[in-house]
Amino acid sequence: MRKSRAAIFTAIILLVVIIDQASKIWIKTHFYLGEDLKIFSWFHLYFIENNGMAFGMEIGSKLALTLFRIAAVGFLIWYVSRICRLRSVPTGYLVCLAFITAGAAGNIFDCVFYGLIFNNPIPPQVASMFPEAGGYAPIFLGRVVDMLYFPLFSFVWPSWIPVVGGQEFLFFQPIFNIADAAISCGIVVLFIFYHRYVISPKALAELPAKY
């Protein structure tokens with residue numbers, strides 16, 4: 001049972017990371033920065049890059065954020081290696097953790113390697129992989145590629161509403177990638193359905209090695 005659940009965890013991570021990286025590399029090498037391709041009125045491929053966390057947020061320094069992501073993935077892998085052996089932990093909980101781990105790992109690749117393997121041409125030129133002149137940033141300082149944009153609907157706030165009255169509201173504004181979606185879906189499902197199965201790292205560390 002432990003081996004089969006570990007295999008599911010590993011397979012989900014590999015699948016999500018491969019799809020995430022394939023989509024980013026395709027966008028990076030076929031779209032210029034800022035290009036917006038309208039697929040439907042509610043769905044665009046809109047190529048942007050960011051230095052921050054999911055959905056373009058920026059918190060703290062770039063290097064610190066990258067190192068935090070690496071540490072978080074390492075912790076999650078250790079954590080799952082421990083709970084795989086617990087019969088009381090449902091497989092769905094592990095699936096949620098797999099999506100979160102995969103999403104974090106997917107964005108780590110961008111931060112660690114993209115600055116080395118891609119150039120940063122002026123639009124409308126598109127980026128090249130392994131350019132002769134070298135990449136646009138040192139290791140750990142690459143930017144995360146985002147491209148999924150869902151402007152589902154918009155409206156104008158009534159003028160009588162304080163602060164926002166008369167302003168346009170657009171839902172959904174953030175531009176994100178497959179890795180961001182994996183993290184968000186994993187966290188939402190985990191907190192709704194599996195939050196009671198969360199086990200503290202201290203409790204796990206005290207389990208026997210062959211529990």
# chains A, B, ... in the order shown; residues from 1 in each chain; ligands from 1
$ residues_around --residues "range 30-39 of chain A" --least-positions-apart "4" --cutoff "9 Å" --atoms "only C-alpha atoms" --output "PyMOL selection string"
chain A and resi 25-26+43-49+120-127+147
$ write_last_selection --atoms "N, CA and C atoms" --output "PDB file, in the first residue's frame"
ATOM      1  N   ILE A  25       7.757  26.581 -21.740  1.00  0.00           N
ATOM      2  CA  ILE A  25       8.780  26.645 -22.789  1.00  0.00           C
ATOM      3  C   ILE A  25       8.147  27.000 -24.130  1.00  0.00           C
ATOM      4  N   TRP A  26       6.973  26.433 -24.408  1.00  0.00           N
ATOM      5  CA  TRP A  26       6.282  26.757 -25.664  1.00  0.00           C
ATOM      6  C   TRP A  26       5.911  28.233 -25.711  1.00  0.00           C
ATOM      7  N   PHE A  43     -11.130  33.607 -22.055  1.00  0.00           N
ATOM      8  CA  PHE A  43      -9.846  32.918 -21.891  1.00  0.00           C
ATOM      9  C   PHE A  43      -8.840  33.431 -22.897  1.00  0.00           C
ATOM     10  N   HIS A  44      -7.696  33.911 -22.387  1.00  0.00           N
ATOM     11  CA  HIS A  44      -6.603  34.390 -23.223  1.00  0.00           C
ATOM     12  C   HIS A  44      -5.314  33.659 -22.849  1.00  0.00           C
ATOM     13  N   LEU A  45      -4.405  33.578 -23.803  1.00  0.00           N
ATOM     14  CA  LEU A  45      -3.009  33.258 -23.513  1.00  0.00           C
ATOM     15  C   LEU A  45      -2.270  34.587 -23.519  1.00  0.00           C
ATOM     16  N   TYR A  46      -1.807  34.997 -22.370  1.00  0.00           N
ATOM     17  CA  TYR A  46      -1.222  36.323 -22.185  1.00  0.00           C
ATOM     18  C   TYR A  46       0.122  36.134 -21.496  1.00  0.00           C
ATOM     19  N   PHE A  47       1.207  36.318 -22.258  1.00  0.00           N
ATOM     20  CA  PHE A  47       2.543  36.018 -21.758  1.00  0.00           C
ATOM     21  C   PHE A  47       3.104  37.170 -20.931  1.00  0.00           C
ATOM     22  N   ILE A  48       3.304  36.889 -19.630  1.00  0.00           N
ATOM     23  CA  ILE A  48       4.007  37.816 -18.754  1.00  0.00           C
ATOM     24  C   ILE A  48       5.012  37.030 -17.922  1.00  0.00           C
ATOM     25  N   GLU A  49       5.885  37.739 -17.246  1.00  0.00           N
ATOM     26  CA  GLU A  49       6.831  37.119 -16.322  1.00  0.00           C
ATOM     27  C   GLU A  49       6.789  37.871 -15.002  1.00  0.00           C
ATOM     28  N   ASN A 120      16.496  37.408 -23.293  1.00  0.00           N
ATOM     29  CA  ASN A 120      15.377  38.299 -22.979  1.00  0.00           C
ATOM     30  C   ASN A 120      15.281  39.385 -24.055  1.00  0.00           C
ATOM     31  N   PRO A 121      14.820  39.003 -25.259  1.00  0.00           N
ATOM     32  CA  PRO A 121      14.810  39.964 -26.372  1.00  0.00           C
ATOM     33  C   PRO A 121      13.732  41.028 -26.222  1.00  0.00           C
ATOM     34  N   ILE A 122      13.904  42.103 -26.967  1.00  0.00           N
ATOM     35  CA  ILE A 122      12.913  43.176 -26.973  1.00  0.00           C
ATOM     36  C   ILE A 122      11.735  42.751 -27.845  1.00  0.00           C
ATOM     37  N   PRO A 123      10.486  42.865 -27.354  1.00  0.00           N
ATOM     38  CA  PRO A 123       9.306  42.544 -28.174  1.00  0.00           C
ATOM     39  C   PRO A 123       9.313  43.365 -29.457  1.00  0.00           C
ATOM     40  N   PRO A 124       8.860  42.789 -30.579  1.00  0.00           N
ATOM     41  CA  PRO A 124       8.115  41.536 -30.743  1.00  0.00           C
ATOM     42  C   PRO A 124       8.982  40.282 -30.986  1.00  0.00           C
ATOM     43  N   GLN A 125      10.263  40.339 -30.674  1.00  0.00           N
ATOM     44  CA  GLN A 125      11.070  39.135 -30.801  1.00  0.00           C
ATOM     45  C   GLN A 125      10.744  38.168 -29.665  1.00  0.00           C
ATOM     46  N   VAL A 126      10.879  36.861 -29.961  1.00  0.00           N
ATOM     47  CA  VAL A 126      10.614  35.854 -28.932  1.00  0.00           C
ATOM     48  C   VAL A 126      11.938  35.314 -28.414  1.00  0.00           C
ATOM     49  N   ALA A 127      11.901  34.729 -27.238  1.00  0.00           N
ATOM     50  CA  ALA A 127      13.117  34.240 -26.591  1.00  0.00           C
ATOM     51  C   ALA A 127      13.644  32.983 -27.282  1.00  0.00           C
ATOM     52  N   MET A 147       0.869  32.630 -18.160  1.00  0.00           N
ATOM     53  CA  MET A 147       0.204  32.773 -19.455  1.00  0.00           C
ATOM     54  C   MET A 147      -1.306  32.559 -19.439  1.00  0.00           C
TER      55      MET A 147
END
$ residues_around --residues "Ala179 in chain A" --least-positions-apart "2" --cutoff "6 Å" --atoms "only C-alpha atoms" --output "number ranges by chain"
A: 20, 103, 106, 177, 181-182
$ closest_residue --among "A:Val89, A:Ala72, A:Val17, A:Ile8" --to "Val198 in chain A" --atoms "only C-alpha atoms"
A:Val89
$ atom_distance --atom1 "CA of Trp78 in chain A" --atom2 "CA of Pro138 in chain A"
28.8 Å
$ select_by_dssp --residues "range 105-205 of chain A" --states "strand (DSSP E)" --output "ChimeraX atom specification"
/A:144-149,153-156,168-171,175-176
$ write_last_selection --atoms "N, CA and C atoms" --output "compact mmCIF listing (two decimals), in the first residue's frame"
# COMPACT_ATOMS: atom_id res chain seq x y z
N VAL A 144 9.49 33.79 -13.37
CA VAL A 144 8.45 32.78 -13.57
C VAL A 144 7.57 33.18 -14.75
N VAL A 145 7.29 32.21 -15.61
CA VAL A 145 6.47 32.44 -16.80
C VAL A 145 5.00 32.20 -16.46
N ASP A 146 4.15 33.18 -16.79
CA ASP A 146 2.70 33.06 -16.61
C ASP A 146 2.03 33.28 -17.96
N MET A 147 0.87 32.63 -18.16
CA MET A 147 0.20 32.77 -19.45
C MET A 147 -1.31 32.56 -19.44
N LEU A 148 -1.87 32.03 -18.37
CA LEU A 148 -3.30 31.72 -18.33
C LEU A 148 -4.07 32.91 -17.77
N TYR A 149 -4.97 33.44 -18.58
CA TYR A 149 -5.70 34.65 -18.21
C TYR A 149 -7.19 34.41 -18.45
N PHE A 153 -15.70 38.12 -16.38
CA PHE A 153 -16.74 39.14 -16.54
C PHE A 153 -16.27 40.44 -15.91
N SER A 154 -16.93 41.52 -16.26
CA SER A 154 -16.59 42.83 -15.69
C SER A 154 -17.86 43.65 -15.52
N PHE A 155 -17.79 44.63 -14.63
CA PHE A 155 -18.90 45.56 -14.43
C PHE A 155 -18.35 46.83 -13.80
N VAL A 156 -19.17 47.86 -13.78
CA VAL A 156 -18.80 49.14 -13.18
C VAL A 156 -19.55 49.28 -11.87
N GLU A 168 -14.29 50.31 -12.78
CA GLU A 168 -14.58 49.02 -13.41
C GLU A 168 -13.96 47.90 -12.58
N PHE A 169 -14.71 46.82 -12.43
CA PHE A 169 -14.22 45.64 -11.73
C PHE A 169 -14.14 44.48 -12.73
N LEU A 170 -12.99 43.86 -12.80
CA LEU A 170 -12.80 42.72 -13.71
C LEU A 170 -12.51 41.47 -12.90
N PHE A 171 -13.26 40.43 -13.18
CA PHE A 171 -13.03 39.13 -12.55
C PHE A 171 -12.80 38.11 -13.68
N ILE A 175 -2.94 36.65 -13.79
CA ILE A 175 -2.44 35.78 -14.85
C ILE A 175 -1.53 34.76 -14.18
N PHE A 176 -1.71 33.49 -14.51
CA PHE A 176 -1.02 32.44 -13.77
C PHE A 176 -0.56 31.33 -14.70
$ closest_residue --among "A:Tyr136, A:Ile178, A:Leu76, A:Tyr114" --to "Cys96 in chain A" --atoms "only C-alpha atoms"
A:Leu76
$ closest_residue --among "A:Ser23, A:Ser4, A:Thr91, A:Asn119" --to "Leu190 in chain A" --atoms "only C-alpha atoms"
A:Thr91
$ atom_distance --atom1 "CA of Tyr194 in chain A" --atom2 "CA of Arg69 in chain A"
22.8 Å
$ closest_residue --among "A:Thr29, A:Ile161, A:Ala104, A:Arg82" --to "Phe130 in chain A" --atoms "only C-alpha atoms"
A:Thr29
$ select_by_dssp --residues "range 31-203 of chain A" --states "helix (DSSP H, G or I)" --output "VMD selection string"
chain A and resid 54 to 56 62 to 83 91 to 117 178 to 197 201 to 203
$ closest_residue --among "A:Trp157, A:Phe193, A:Phe172, A:Phe150" --to "Ser41 in chain A" --atoms "only C-alpha atoms"
A:Phe150
$ residues_around --residues "Phe191 in chain A" --least-positions-apart "6" --cutoff "12 Å" --atoms "only C-alpha atoms" --output "JSON, numbers by chain"
{"A": [92, 93, 96, 97, 184, 185, 197, 198]}
$ write_last_selection --atoms "C-alpha atoms" --output "mmCIF file, in the first residue's frame"
data_model
loop_
_atom_site.group_PDB
_atom_site.id
_atom_site.type_symbol
_atom_site.label_atom_id
_atom_site.label_comp_id
_atom_site.auth_asym_id
_atom_site.auth_seq_id
_atom_site.Cartn_x
_atom_site.Cartn_y
_atom_site.Cartn_z
ATOM 1 C CA GLY A 92 -6.853 12.003 -1.413
ATOM 2 C CA TYR A 93 -4.775 13.876 1.156
ATOM 3 C CA CYS A 96 -3.493 17.221 -2.609
ATOM 4 C CA LEU A 97 0.069 17.313 -1.290
ATOM 5 C CA SER A 184 -4.153 26.536 -5.506
ATOM 6 C CA CYS A 185 -6.325 23.502 -6.271
ATOM 7 C CA TYR A 197 -5.625 14.698 8.559
ATOM 8 C CA VAL A 198 -2.778 17.193 8.871
#
$ atom_distance --atom1 "CA of Lys28 in chain A" --atom2 "CA of Leu65 in chain A"
22.0 Å
$ decode --residues "range 175-196 of chain A" --atoms "C-alpha atoms" --output "PDB file, in the first residue's frame"
ATOM      1  CA  ILE A 175      -2.443  35.777 -14.851  1.00  0.00           C
ATOM      2  CA  PHE A 176      -1.018  32.438 -13.768  1.00  0.00           C
ATOM      3  CA  ASN A 177       0.440  29.121 -14.930  1.00  0.00           C
ATOM      4  CA  ILE A 178      -0.168  25.381 -14.522  1.00  0.00           C
ATOM      5  CA  ALA A 179       2.054  25.253 -11.428  1.00  0.00           C
ATOM      6  CA  ASP A 180       0.067  28.038  -9.734  1.00  0.00           C
ATOM      7  CA  ALA A 181      -3.183  26.232 -10.552  1.00  0.00           C
ATOM      8  CA  ALA A 182      -1.848  22.974  -9.085  1.00  0.00           C
ATOM      9  CA  ILE A 183      -0.834  24.702  -5.843  1.00  0.00           C
ATOM     10  CA  SER A 184      -4.153  26.536  -5.506  1.00  0.00           C
ATOM     11  CA  CYS A 185      -6.325  23.502  -6.271  1.00  0.00           C
ATOM     12  CA  GLY A 186      -4.295  21.316  -3.915  1.00  0.00           C
ATOM     13  CA  ILE A 187      -4.563  23.806  -1.049  1.00  0.00           C
ATOM     14  CA  VAL A 188      -8.296  24.483  -1.535  1.00  0.00           C
ATOM     15  CA  VAL A 189      -9.255  20.793  -1.682  1.00  0.00           C
ATOM     16  CA  LEU A 190      -6.964  19.988   1.248  1.00  0.00           C
ATOM     17  CA  PHE A 191      -8.495  22.620   3.525  1.00  0.00           C
ATOM     18  CA  ILE A 192     -12.073  21.769   2.548  1.00  0.00           C
ATOM     19  CA  PHE A 193     -11.916  17.981   2.716  1.00  0.00           C
ATOM     20  CA  TYR A 194      -8.665  16.851   4.384  1.00  0.00           C
ATOM     21  CA  HIS A 195      -7.611  19.466   6.951  1.00  0.00           C
ATOM     22  CA  ARG A 196      -8.319  17.065   9.829  1.00  0.00           C
TER      23      ARG A 196
END
